[in-house]
$ cat input.cif   # mmCIF, C-alpha atoms and all ligand atoms
data_work
#
loop_
_atom_site.label_atom_id
_atom_site.label_comp_id
_atom_site.auth_asym_id
_atom_site.auth_seq_id
_atom_site.Cartn_x
_atom_site.Cartn_y
_atom_site.Cartn_z
CA MET A 1 -58.72 23.64 17.48
CA GLN A 2 -57.81 22.67 13.99
CA THR A 3 -61.48 23.35 13.53
CA GLU A 4 -61.35 25.80 10.70
CA SER A 5 -60.25 23.04 8.36
CA SER A 6 -61.17 19.87 10.13
CA THR A 7 -63.57 17.19 9.03
CA LEU A 8 -66.11 15.69 11.31
CA GLY A 9 -67.86 12.36 11.02
CA LEU A 10 -70.55 11.85 13.58
CA ALA A 11 -71.67 8.43 14.61
CA GLY A 12 -74.77 6.43 14.03
CA ASN A 13 -76.40 4.47 16.72
CA THR A 14 -74.12 1.52 17.30
CA LEU A 15 -72.80 0.76 20.69
CA ALA A 16 -69.35 1.87 21.76
CA THR A 17 -69.24 1.89 25.51
CA SER A 18 -65.98 2.65 27.16
CA GLY A 19 -65.45 4.98 30.04
CA SER A 20 -62.10 6.02 28.59
CA LEU A 21 -63.42 7.24 25.22
CA LYS A 22 -63.45 10.95 24.52
CA THR A 23 -66.81 12.59 23.92
CA LEU A 24 -67.45 14.76 20.87
CA GLU A 25 -67.77 17.77 23.13
CA GLN A 26 -64.40 17.12 24.82
CA PHE A 27 -62.78 16.60 21.43
CA ILE A 28 -64.14 19.87 20.09
CA ILE A 29 -63.20 21.87 23.18
CA GLU A 30 -59.65 20.48 23.13
CA ARG A 31 -59.16 21.32 19.47
CA GLU A 32 -60.71 24.76 19.81
CA GLY A 33 -58.43 25.50 22.76
CA GLU A 34 -55.48 24.99 20.39
CA ALA A 35 -56.67 27.65 17.93
CA PRO A 36 -55.48 31.15 18.78
CA GLY A 37 -58.26 33.72 19.00
CA SER A 38 -61.12 31.26 18.76
CA THR A 39 -64.41 32.55 20.11
CA GLY A 40 -66.16 29.24 20.69
CA GLN A 41 -68.77 29.85 17.97
CA PHE A 42 -67.58 26.94 15.86
CA SER A 43 -67.63 24.54 18.82
CA ARG A 44 -71.15 25.60 19.66
CA LEU A 45 -72.17 25.08 16.04
CA LEU A 46 -70.86 21.51 16.05
CA ARG A 47 -72.60 20.89 19.35
CA ASP A 48 -75.89 22.12 17.79
CA ILE A 49 -75.43 19.81 14.80
CA ALA A 50 -74.72 16.88 17.13
CA LEU A 51 -77.83 17.66 19.12
CA ALA A 52 -80.00 17.78 15.98
CA ALA A 53 -78.44 14.48 14.89
CA LYS A 54 -79.43 12.85 18.18
CA VAL A 55 -83.00 14.06 17.79
CA VAL A 56 -83.20 12.80 14.21
CA GLU A 57 -81.66 9.50 15.26
CA ARG A 58 -84.41 9.15 17.84
CA ASP A 59 -87.05 9.93 15.19
CA VAL A 60 -85.56 7.41 12.76
CA ARG A 61 -85.59 4.74 15.46
CA LYS A 62 -89.21 5.24 16.37
CA ALA A 63 -90.45 5.81 12.82
CA GLY A 64 -92.09 2.41 12.65
CA LEU A 65 -93.98 3.01 15.88
CA VAL A 66 -95.49 6.39 15.21
CA ASP A 67 -96.94 7.80 12.04
CA ILE A 68 -93.80 9.28 10.48
CA TYR A 69 -93.13 6.80 7.68
CA GLY A 70 -94.39 7.55 4.20
CA GLU A 71 -94.88 10.57 2.00
CA THR A 72 -96.11 14.02 2.93
CA GLY A 73 -97.89 14.31 -0.40
CA VAL A 74 -95.59 17.22 -1.33
CA VAL A 75 -92.99 17.16 -4.12
CA ASN A 76 -89.75 18.93 -3.15
CA VAL A 77 -87.58 21.25 -5.18
CA GLN A 78 -85.78 18.21 -6.67
CA ASP A 79 -89.10 16.91 -8.04
CA GLU A 80 -88.97 14.09 -5.51
CA GLU A 81 -91.74 12.96 -3.17
CA GLN A 82 -91.01 14.46 0.23
CA LYS A 83 -91.09 11.87 3.02
CA LYS A 84 -92.35 12.79 6.45
CA LEU A 85 -88.95 12.00 7.92
CA ASP A 86 -87.24 14.28 5.37
CA VAL A 87 -89.35 17.13 6.61
CA LEU A 88 -88.89 16.26 10.27
CA ALA A 89 -85.12 16.07 9.88
CA HIS A 90 -85.05 19.37 7.99
CA GLU A 91 -87.06 21.03 10.74
CA GLU A 92 -84.90 19.61 13.54
CA PHE A 93 -81.69 20.88 11.96
CA VAL A 94 -83.16 24.30 11.19
CA ARG A 95 -84.47 24.54 14.76
CA ALA A 96 -81.11 23.62 16.29
CA LEU A 97 -79.16 26.00 14.06
CA ARG A 98 -81.63 28.84 14.57
CA ARG A 99 -81.51 28.43 18.35
CA GLY A 100 -77.72 28.29 18.44
CA GLY A 101 -77.13 31.70 16.87
CA GLU A 102 -73.82 30.83 15.19
CA VAL A 103 -75.36 30.40 11.74
CA CYS A 104 -76.85 33.16 9.64
CA LEU A 105 -77.70 31.26 6.46
CA ILE A 106 -78.94 27.72 5.83
CA GLY A 107 -79.37 25.79 2.59
CA SER A 108 -81.28 22.51 2.69
CA GLU A 109 -82.23 19.93 0.11
CA GLU A 110 -85.77 20.25 1.38
CA HIS A 111 -86.11 23.99 0.81
CA ALA A 112 -86.07 25.78 -2.54
CA GLU A 113 -84.19 28.89 -1.39
CA ALA A 114 -81.38 29.48 1.08
CA ILE A 115 -82.91 30.47 4.42
CA PRO A 116 -81.46 33.55 6.12
CA LEU A 117 -81.72 33.35 9.91
CA GLN A 118 -82.41 36.60 11.70
CA PHE A 119 -80.83 37.32 15.06
CA ASP A 120 -80.86 40.41 17.22
CA ASP A 121 -77.27 41.26 16.36
CA CYS A 122 -76.95 38.99 13.30
CA GLN A 123 -73.34 38.13 14.21
CA GLY A 124 -73.44 34.44 13.22
CA LYS A 125 -70.25 33.72 11.29
CA TYR A 126 -71.27 30.50 9.60
CA ILE A 127 -73.32 29.14 6.71
CA VAL A 128 -74.52 25.54 6.84
CA LEU A 129 -75.71 23.56 3.81
CA PHE A 130 -77.16 20.14 4.38
CA ASP A 131 -79.10 17.19 3.13
CA PRO A 132 -81.20 16.44 6.21
CA LEU A 133 -81.99 12.85 5.25
CA ASP A 134 -79.97 11.34 2.45
CA GLY A 135 -81.18 8.06 0.95
CA SER A 136 -84.85 8.87 1.42
CA SER A 137 -85.97 5.98 -0.73
CA ASN A 138 -84.56 3.66 1.96
CA ILE A 139 -86.45 5.27 4.85
CA ASP A 140 -89.41 2.92 4.92
CA VAL A 141 -87.35 -0.27 4.77
CA ASN A 142 -84.94 0.15 7.71
CA VAL A 143 -81.85 0.58 5.55
CA SER A 144 -79.17 3.05 6.66
CA ILE A 145 -79.88 6.68 5.88
CA GLY A 146 -78.03 9.75 7.00
CA THR A 147 -77.43 13.48 7.18
CA ILE A 148 -74.68 15.25 5.22
CA PHE A 149 -73.56 18.75 6.14
CA SER A 150 -71.15 21.35 4.97
CA ILE A 151 -69.96 24.45 6.86
CA TYR A 152 -68.69 27.68 5.30
CA LYS A 153 -67.71 31.02 6.80
CA VAL A 154 -69.61 34.18 5.97
CA PRO A 155 -67.16 36.38 4.02
CA ASP A 156 -65.70 38.89 6.50
CA ASP A 157 -67.29 41.91 4.84
CA HIS A 158 -70.74 40.25 4.91
CA VAL A 159 -70.96 39.43 8.62
CA GLY A 160 -74.22 40.99 9.77
CA ARG A 161 -75.51 41.43 6.20
CA VAL A 162 -75.30 38.02 4.58
CA THR A 163 -76.91 37.47 1.18
CA VAL A 164 -78.26 34.20 -0.23
CA GLU A 165 -75.44 34.27 -2.81
CA ASP A 166 -72.98 33.76 0.06
CA ALA A 167 -74.17 30.15 0.14
CA LEU A 168 -72.60 29.56 -3.27
CA GLN A 169 -68.94 29.17 -2.32
CA CYS A 170 -66.48 26.78 -3.90
CA GLY A 171 -66.10 23.41 -2.11
CA ARG A 172 -62.47 24.16 -1.18
CA LYS A 173 -63.69 26.98 1.06
CA GLN A 174 -65.51 24.60 3.39
CA VAL A 175 -64.27 24.94 6.95
CA ALA A 176 -65.71 21.58 7.94
CA ALA A 177 -68.00 18.88 6.65
CA GLY A 178 -69.51 15.76 8.06
CA TYR A 179 -72.09 13.08 7.85
CA VAL A 180 -74.14 11.02 10.22
CA VAL A 181 -75.30 7.50 9.48
CA TYR A 182 -78.46 6.48 11.27
CA GLY A 183 -78.97 2.77 11.40
CA SER A 184 -76.99 -0.25 12.24
CA SER A 185 -73.54 0.83 11.07
CA THR A 186 -70.62 2.48 12.80
CA ILE A 187 -69.25 5.54 11.14
CA ASN A 188 -66.13 7.56 10.40
CA GLY A 189 -65.15 10.81 8.84
CA VAL A 190 -61.57 11.74 9.43
CA ASN A 191 -62.52 11.54 13.06
CA GLY A 192 -65.41 9.18 13.70
CA PHE A 193 -67.76 9.35 16.64
CA THR A 194 -70.23 6.71 17.67
CA LEU A 195 -73.34 7.48 19.66
CA ASP A 196 -73.46 5.55 22.88
CA PRO A 197 -77.21 5.34 23.44
CA SER A 198 -76.81 4.47 27.11
CA ILE A 199 -75.36 7.91 27.89
CA GLY A 200 -76.60 9.85 24.85
CA GLU A 201 -73.09 11.04 23.93
CA PHE A 202 -71.05 10.75 20.75
CA LEU A 203 -67.74 9.10 21.62
CA LEU A 204 -64.54 9.29 19.60
CA SER A 205 -64.33 5.74 18.32
CA HIS A 206 -62.21 6.09 15.16
CA PRO A 207 -59.56 8.83 15.27
CA ASN A 208 -57.64 9.92 12.17
CA ILE A 209 -59.14 7.64 9.58
CA ARG A 210 -57.34 7.11 6.28
CA THR A 211 -59.15 5.53 3.38
CA PRO A 212 -57.32 2.68 1.57
CA GLU A 213 -55.29 3.70 -1.52
CA THR A 214 -57.30 1.21 -3.54
CA GLY A 215 -60.12 -1.23 -2.94
CA ARG A 216 -62.29 -3.95 -4.42
CA LEU A 217 -65.73 -2.46 -3.98
CA TYR A 218 -67.64 -0.50 -6.57
CA SER A 219 -71.00 1.14 -6.01
CA ILE A 220 -73.17 2.29 -8.87
CA ASN A 221 -76.78 1.85 -9.91
CA GLU A 222 -76.29 -0.64 -12.74
CA GLY A 223 -79.94 -0.33 -13.72
CA ASN A 224 -78.82 2.78 -15.58
CA TYR A 225 -76.21 0.86 -17.62
CA ASN A 226 -77.70 1.65 -21.03
CA SER A 227 -77.55 5.38 -20.41
CA TRP A 228 -73.84 5.49 -19.47
CA GLU A 229 -71.05 6.81 -21.63
CA ARG A 230 -68.73 4.31 -23.22
CA GLY A 231 -65.69 4.99 -20.99
CA LEU A 232 -67.72 4.26 -17.88
CA LYS A 233 -69.05 1.00 -19.34
CA GLU A 234 -65.46 0.00 -20.09
CA PHE A 235 -64.34 0.84 -16.54
CA ILE A 236 -67.11 -1.27 -15.03
CA LYS A 237 -66.22 -4.11 -17.38
CA TRP A 238 -62.57 -3.84 -16.29
CA MET A 239 -63.60 -4.15 -12.63
CA GLN A 240 -65.64 -7.24 -13.47
CA GLU A 241 -62.92 -9.02 -15.44
CA ASP A 242 -61.33 -12.19 -14.12
CA ALA A 243 -57.75 -11.16 -13.30
CA PRO A 244 -56.67 -12.78 -10.04
CA GLU A 245 -53.19 -11.26 -10.36
CA ASP A 246 -54.63 -7.85 -9.50
CA ASP A 247 -57.51 -9.04 -7.37
CA ARG A 248 -60.27 -8.76 -9.94
CA PRO A 249 -63.19 -9.20 -10.30
CA PHE A 250 -64.25 -6.55 -7.82
CA THR A 251 -67.37 -6.80 -5.70
CA THR A 252 -70.42 -4.63 -6.23
CA ARG A 253 -72.20 -3.09 -3.25
CA TYR A 254 -74.97 -0.52 -3.73
CA ILE A 255 -77.29 0.44 -0.90
CA GLY A 256 -78.74 3.47 -2.64
CA SER A 257 -78.08 5.79 0.32
CA PHE A 258 -75.06 7.86 -0.68
CA VAL A 259 -74.10 8.42 2.93
CA ALA A 260 -74.06 4.69 3.73
CA ASP A 261 -72.36 3.64 0.47
CA PHE A 262 -69.75 6.36 0.97
CA HIS A 263 -69.13 5.36 4.56
CA ARG A 264 -68.59 1.69 3.76
CA ASN A 265 -66.22 2.47 0.89
CA LEU A 266 -64.30 5.02 2.96
CA MET A 267 -63.63 2.32 5.52
CA LYS A 268 -62.99 -0.62 3.21
CA GLY A 269 -61.67 0.98 0.03
CA GLY A 270 -63.60 1.28 -3.22
CA ILE A 271 -65.35 3.72 -5.48
CA TYR A 272 -68.87 5.18 -5.48
CA ILE A 273 -70.11 6.52 -8.79
CA TYR A 274 -73.20 8.51 -9.67
CA PRO A 275 -72.37 9.47 -13.24
CA ALA A 276 -73.90 11.77 -15.76
CA ASN A 277 -76.22 9.78 -17.98
CA THR A 278 -78.52 10.50 -20.87
CA ARG A 279 -81.47 11.16 -18.57
CA ASN A 280 -79.48 13.21 -16.03
CA PRO A 281 -76.72 14.98 -17.95
CA SER A 282 -75.30 16.42 -14.71
CA GLY A 283 -75.81 13.26 -12.67
CA LYS A 284 -78.16 13.12 -9.71
CA LEU A 285 -76.29 14.16 -6.59
CA ARG A 286 -76.33 17.74 -5.42
CA LEU A 287 -73.04 19.64 -5.38
CA MET A 288 -73.53 21.88 -2.37
CA TYR A 289 -74.78 19.49 0.28
CA GLU A 290 -73.95 15.99 -0.96
CA ALA A 291 -70.89 15.99 -3.24
CA ASN A 292 -68.88 18.85 -1.69
CA PRO A 293 -68.98 17.73 1.96
CA MET A 294 -68.14 14.15 1.06
CA ALA A 295 -65.37 15.31 -1.29
CA PHE A 296 -63.94 17.41 1.54
CA ILE A 297 -64.02 14.45 3.89
CA VAL A 298 -62.59 11.95 1.43
CA GLU A 299 -59.69 14.22 0.45
CA GLN A 300 -58.76 14.71 4.09
CA ALA A 301 -58.86 10.96 4.54
CA GLY A 302 -56.44 10.50 1.62
CA GLY A 303 -59.08 9.71 -1.01
CA ALA A 304 -60.25 11.53 -4.13
CA ALA A 305 -63.45 12.98 -5.55
CA SER A 306 -63.91 13.89 -9.17
CA THR A 307 -66.66 14.86 -11.57
CA GLY A 308 -64.86 12.69 -14.13
CA ASN A 309 -63.20 15.84 -15.47
CA GLY A 310 -61.71 17.45 -12.40
CA PRO A 311 -61.90 17.69 -8.63
CA ILE A 312 -65.40 18.20 -7.24
CA LEU A 313 -64.03 20.73 -4.77
CA ASP A 314 -63.00 23.00 -7.66
CA VAL A 315 -66.45 23.19 -9.26
CA GLU A 316 -67.69 26.79 -9.22
CA PRO A 317 -71.21 26.70 -7.82
CA GLU A 318 -74.00 28.43 -9.69
CA ALA A 319 -77.10 27.33 -7.82
CA LEU A 320 -77.97 25.89 -4.43
CA HIS A 321 -79.47 22.70 -5.83
CA GLN A 322 -77.17 22.12 -8.82
CA ARG A 323 -76.23 18.53 -9.62
CA VAL A 324 -72.84 17.11 -10.42
CA PRO A 325 -71.45 13.72 -11.59
CA VAL A 326 -69.62 12.00 -8.72
CA TYR A 327 -66.64 9.58 -8.75
CA ILE A 328 -65.49 9.31 -5.15
CA GLY A 329 -63.40 6.96 -3.02
CA SER A 330 -59.96 5.36 -3.09
CA PRO A 331 -57.56 7.59 -5.05
CA ASP A 332 -56.27 4.79 -7.24
CA LEU A 333 -59.76 3.88 -8.43
CA VAL A 334 -60.92 7.45 -9.00
CA GLU A 335 -57.77 8.06 -11.08
CA ARG A 336 -58.40 4.87 -13.07
CA ALA A 337 -62.03 5.84 -13.70
CA LYS A 338 -60.86 9.17 -15.11
CA ARG A 339 -58.44 7.38 -17.45
CA PHE A 340 -61.24 5.16 -18.78
CA LEU A 341 -63.48 8.20 -19.27
CA ASN A 342 -60.67 9.71 -21.33
CA GLY A 343 -60.61 6.68 -23.62
CA GLU A 344 -57.80 4.65 -22.06
CA THR A 345 -58.39 0.96 -21.50
CA SER A 346 -56.62 0.05 -18.25
P1 LIG A 401 -82.39 9.28 -2.56
O1 LIG A 401 -82.86 9.75 -3.89
O2 LIG A 401 -83.04 8.02 -2.07
O3 LIG A 401 -82.37 10.39 -1.53
O4 LIG A 401 -79.32 11.75 -2.75
C1 LIG A 401 -79.92 11.01 -3.64
C2 LIG A 401 -79.84 9.52 -3.46
O5 LIG A 401 -80.84 8.90 -2.70
C3 LIG A 401 -78.50 9.00 -2.89
O6 LIG A 401 -78.48 8.94 -1.49
C4 LIG A 401 -78.39 7.64 -3.54
O7 LIG A 401 -77.07 7.14 -3.64
C5 LIG A 401 -79.00 7.88 -4.89
O8 LIG A 401 -79.87 9.00 -4.76
C6 LIG A 401 -79.80 6.74 -5.36
O9 LIG A 401 -80.26 6.99 -6.64
P2 LIG A 401 -80.75 5.83 -7.61
O10 LIG A 401 -82.02 5.31 -7.04
O11 LIG A 401 -80.93 6.50 -8.93
O12 LIG A 401 -79.67 4.81 -7.65
#
$ encode --input "input.cif" --output "structure tokens"
Amino acid sequence: MQTESSTLGLAGNTLATSGSLKTLEQFIIEREGEAPGSTGQFSRLLRDIALAAKVVERDVRKAGLVDIYGETGVVNVQDEEQKKLDVLAHEEFVRALRRGGEVCLIGSEEHAEAIPLQFDDCQGKYIVLFDPLDGSSNIDVNVSIGTIFSIYKVPDDHVGRVTVEDALQCGRKQVAAGYVVYGSSTINGVNGFTLDPSIGEFLLSHPNIRTPETGRLYSINEGNYNSWERGLKEFIKWMQEDAPEDDRPFTTRYIGSFVADFHRNLMKGGIYIYPANTRNPSGKLRLMYEANPMAFIVEQAGGAASTGNGPILDVEPEALHQRVPVYIGSPDLVERAKRFLNGETS
């Protein structure tokens, strides 16, 4: 399997029923079979993640029927109100990864510290960082939300004695990353799988996705306009200008769930921006389990991801929950955004 560097996009809950489609499990086994010396641990890890995703998808679907909407009354490490579904999703992923035995360290948006997992022989080779439920503010209103995950290897000399610092590896060292969109949309990573609810399997629905070179969608919370730097204001103005010769004005689309905004732009072409601003000098999104996995995916799909200064994947991590400005999407637009930030005007 090309697994050690592959990107995985798991599917949300749209229908894709075809007897001839390949299941996620078949896809993983085939790829793993191609990798010399593979032990099967990585395949089992992806299977565990897929299982947790199915359980969370079920919880998201029934949230309106049972008492799992709303806040827990607890504020998480990000100073945000924890939702009941945030906590449920966190617990489901931790449970699945703990049971599987391939992972020895977990970092989650919903937990202040990295969580070491203890096993009898402690031979798990992988570290998983994740945002169990991205777009929490959309949970109660039936708008797409999702899970984002990032997989790293335990450094060879730390297998069996991992430390929490091992979670802080540069984005380029990811061995895989993925996201799941729960809700009414189909989904892609580089390879996209859609959950067929009638058989409970993820099916390969979108192989080898490439994101468009450029696009006409931009996604940013314009309510923060006054706190943006000048170059960003100029870039947004450029996208809004009337210039039919190069297909402007662009169209704005902002769901407010990174995972869903990212997914749409990956498919259609565009740029998602969560910039630094005067209130949040490092932006809002978290490097380790939001920006890095999506940057890994977008680069493999032919796109780009930048902090505005340089590639997100080259940021040296200092803390599990550190934030980073994000410009991500079609390479042409990310490049243009960087030019505007540097004072150019086109
Ligand atoms: P949320 O706080 O609802 O979890 O990850 C943070 C995030 O959502 C992203 O999914 C989303 O794009 C962004 O924050 C929305 O932030 P704003 O409300 O500031 O636009």
$ residues_near_ligand --input "input.cif" --ligand "ligand LIG 401 (chain A)" --cutoff "6 Å" --atoms "all atoms listed in the file" --output "ChimeraX atom specification"
/A:134-137,221,256-258,285
$ atom_distance --input "input.cif" --atom1 "atom CA of A:Tyr272" --atom2 "atom CA of A:Asp314"
18.9 Å
$ residues_around --input "input.cif" --residues "A:Val259" --least-positions-apart "6" --cutoff "9 Å" --atoms "all atoms listed in the file" --output "PyMOL selection string"
chain A and resi 134-135+144-148+179-181+290+294
$ residues_near_point --input "input.cif" --point "(-63.9, 16.1, -8.7)" --cutoff "10 Å" --atoms "all atoms listed in the file" --output "count of residues only"
22
$ closest_residue --input "input.cif" --among "A:Ile151, A:Val56, A:Cys104, A:Ile199" --to "A:Arg172" --atoms "only C-alpha atoms"
A:Ile151
$ atom_distance --input "input.cif" --atom1 "atom CA of A:Val154" --atom2 "atom CA of A:Thr39"
15.2 Å
$ closest_atom_pairs --input "input.cif" --of "stretch 255-285 of chain A" --to "stretch 228-245 of chain A" --cutoff "10 Å" --atoms "only C-alpha atoms" --output "tab-separated table"
residue	atom	partner	partner_atom	distance
A:Ile273	CA	A:Leu232	CA	9.7
A:Pro275	CA	A:Trp228	CA	7.5
A:Ala276	CA	A:Trp228	CA	7.3
A:Asn277	CA	A:Trp228	CA	5.1
A:Thr278	CA	A:Trp228	CA	7.0
A:Arg279	CA	A:Trp228	CA	9.5
$ atom_distance --input "input.cif" --atom1 "atom CA of A:Glu80" --atom2 "atom CA of A:Lys62"
23.6 Å
$ residues_around --input "input.cif" --residues "stretch 42-53 of chain A" --least-positions-apart "4" --cutoff "6 Å" --atoms "all atoms listed in the file" --output "PDB file with C-alpha atoms, in the coordinates of the input"
ATOM      1  CA  ILE A  28     -64.140  19.870  20.090  1.00  0.00           C
ATOM      2  CA  GLU A  57     -81.660   9.500  15.260  1.00  0.00           C
ATOM      3  CA  GLU A  92     -84.900  19.610  13.540  1.00  0.00           C
ATOM      4  CA  PHE A  93     -81.690  20.880  11.960  1.00  0.00           C
ATOM      5  CA  ALA A  96     -81.110  23.620  16.290  1.00  0.00           C
TER       6      ALA A  96
END
$ closest_residue --input "input.cif" --among "A:Gly270, A:Pro293, A:Gly200, A:Pro116" --to "A:Ala177" --atoms "all atoms listed in the file"
A:Pro293
$ closest_residue --input "input.cif" --among "A:Arg336, A:Lys125, A:Arg61, A:Lys22" --to "A:Gly160" --atoms "only C-alpha atoms"
A:Lys125
$ closest_residue --input "input.cif" --among "A:Thr23, A:Gln41, A:Ser219, A:Thr345" --to "A:Gly192" --atoms "all atoms listed in the file"
A:Thr23
$ closest_residue --input "input.cif" --among "A:Arg161, A:Arg216, A:His321, A:Arg339" --to "A:Glu110" --atoms "only C-alpha atoms"
A:His321
$ residues_around --input "input.cif" --residues "A:Phe202" --least-positions-apart "4" --cutoff "7 Å" --atoms "only C-alpha atoms" --output "list in words"
Ala11, Thr23, Leu24, Phe193, Thr194, Leu195 and Asp196 of chain A
$ decode --input "input.cif" --residues "stretch 90-97 of chain A" --atoms "all heavy atoms" --output "JSON list (two decimals), in the first residue's frame"
[["chain", "number", "residue", "atom", "x", "y", "z"],
["A", 90, "HIS", "N", -15.40, 12.69, 20.59],
["A", 90, "HIS", "CA", -14.06, 12.49, 21.16],
["A", 90, "HIS", "C", -13.98, 11.10, 21.80],
["A", 90, "HIS", "O", -13.04, 10.34, 21.56],
["A", 90, "HIS", "CB", -13.79, 13.58, 22.21],
["A", 90, "HIS", "CG", -12.63, 13.31, 23.10],
["A", 90, "HIS", "ND1", -11.33, 13.62, 22.76],
["A", 90, "HIS", "CD2", -12.55, 12.71, 24.33],
["A", 90, "HIS", "CE1", -10.52, 13.24, 23.73],
["A", 90, "HIS", "NE2", -11.23, 12.69, 24.69],
["A", 91, "GLU", "N", -15.00, 10.77, 22.58],
["A", 91, "GLU", "CA", -14.96, 9.47, 23.28],
["A", 91, "GLU", "C", -15.00, 8.30, 22.31],
["A", 91, "GLU", "O", -14.32, 7.30, 22.51],
["A", 91, "GLU", "CB", -16.13, 9.38, 24.28],
["A", 91, "GLU", "CG", -15.87, 10.26, 25.49],
["A", 91, "GLU", "CD", -17.09, 10.39, 26.41],
["A", 91, "GLU", "OE1", -18.17, 9.88, 26.04],
["A", 91, "GLU", "OE2", -16.94, 11.03, 27.47],
["A", 92, "GLU", "N", -15.80, 8.43, 21.24],
["A", 92, "GLU", "CA", -15.89, 7.32, 20.28],
["A", 92, "GLU", "C", -14.54, 7.08, 19.59],
["A", 92, "GLU", "O", -14.12, 5.94, 19.40],
["A", 92, "GLU", "CB", -16.95, 7.59, 19.20],
["A", 92, "GLU", "CG", -18.38, 7.51, 19.70],
["A", 92, "GLU", "CD", -18.73, 6.19, 20.34],
["A", 92, "GLU", "OE1", -17.98, 5.20, 20.20],
["A", 92, "GLU", "OE2", -19.78, 6.13, 21.02],
["A", 93, "PHE", "N", -13.88, 8.17, 19.21],
["A", 93, "PHE", "CA", -12.59, 7.99, 18.53],
["A", 93, "PHE", "C", -11.54, 7.44, 19.50],
["A", 93, "PHE", "O", -10.78, 6.53, 19.15],
["A", 93, "PHE", "CB", -12.12, 9.31, 17.89],
["A", 93, "PHE", "CG", -12.68, 9.48, 16.51],
["A", 93, "PHE", "CD1", -13.90, 10.11, 16.31],
["A", 93, "PHE", "CD2", -12.02, 8.97, 15.40],
["A", 93, "PHE", "CE1", -14.46, 10.24, 15.04],
["A", 93, "PHE", "CE2", -12.56, 9.09, 14.12],
["A", 93, "PHE", "CZ", -13.78, 9.72, 13.94],
["A", 94, "VAL", "N", -11.53, 7.96, 20.73],
["A", 94, "VAL", "CA", -10.55, 7.44, 21.69],
["A", 94, "VAL", "C", -10.81, 5.96, 21.94],
["A", 94, "VAL", "O", -9.89, 5.14, 21.95],
["A", 94, "VAL", "CB", -10.61, 8.24, 23.02],
["A", 94, "VAL", "CG1", -9.73, 7.58, 24.08],
["A", 94, "VAL", "CG2", -10.16, 9.68, 22.79],
["A", 95, "ARG", "N", -12.08, 5.60, 22.08],
["A", 95, "ARG", "CA", -12.43, 4.20, 22.34],
["A", 95, "ARG", "C", -11.94, 3.31, 21.19],
["A", 95, "ARG", "O", -11.30, 2.29, 21.41],
["A", 95, "ARG", "CB", -13.95, 4.06, 22.50],
["A", 95, "ARG", "CG", -14.38, 2.70, 23.01],
["A", 95, "ARG", "CD", -15.87, 2.67, 23.33],
["A", 95, "ARG", "NE", -16.22, 3.62, 24.37],
["A", 95, "ARG", "CZ", -17.27, 4.44, 24.34],
["A", 95, "ARG", "NH1", -18.08, 4.45, 23.31],
["A", 95, "ARG", "NH2", -17.52, 5.25, 25.33],
["A", 96, "ALA", "N", -12.23, 3.73, 19.97],
["A", 96, "ALA", "CA", -11.85, 2.90, 18.81],
["A", 96, "ALA", "C", -10.33, 2.77, 18.71],
["A", 96, "ALA", "O", -9.81, 1.70, 18.42],
["A", 96, "ALA", "CB", -12.42, 3.51, 17.53],
["A", 97, "LEU", "N", -9.62, 3.86, 18.97],
["A", 97, "LEU", "CA", -8.16, 3.82, 18.82],
["A", 97, "LEU", "C", -7.52, 3.03, 19.96],
["A", 97, "LEU", "O", -6.54, 2.32, 19.77],
["A", 97, "LEU", "CB", -7.60, 5.24, 18.77],
["A", 97, "LEU", "CG", -8.08, 6.07, 17.56],
["A", 97, "LEU", "CD1", -7.59, 7.51, 17.65],
["A", 97, "LEU", "CD2", -7.61, 5.45, 16.25]]
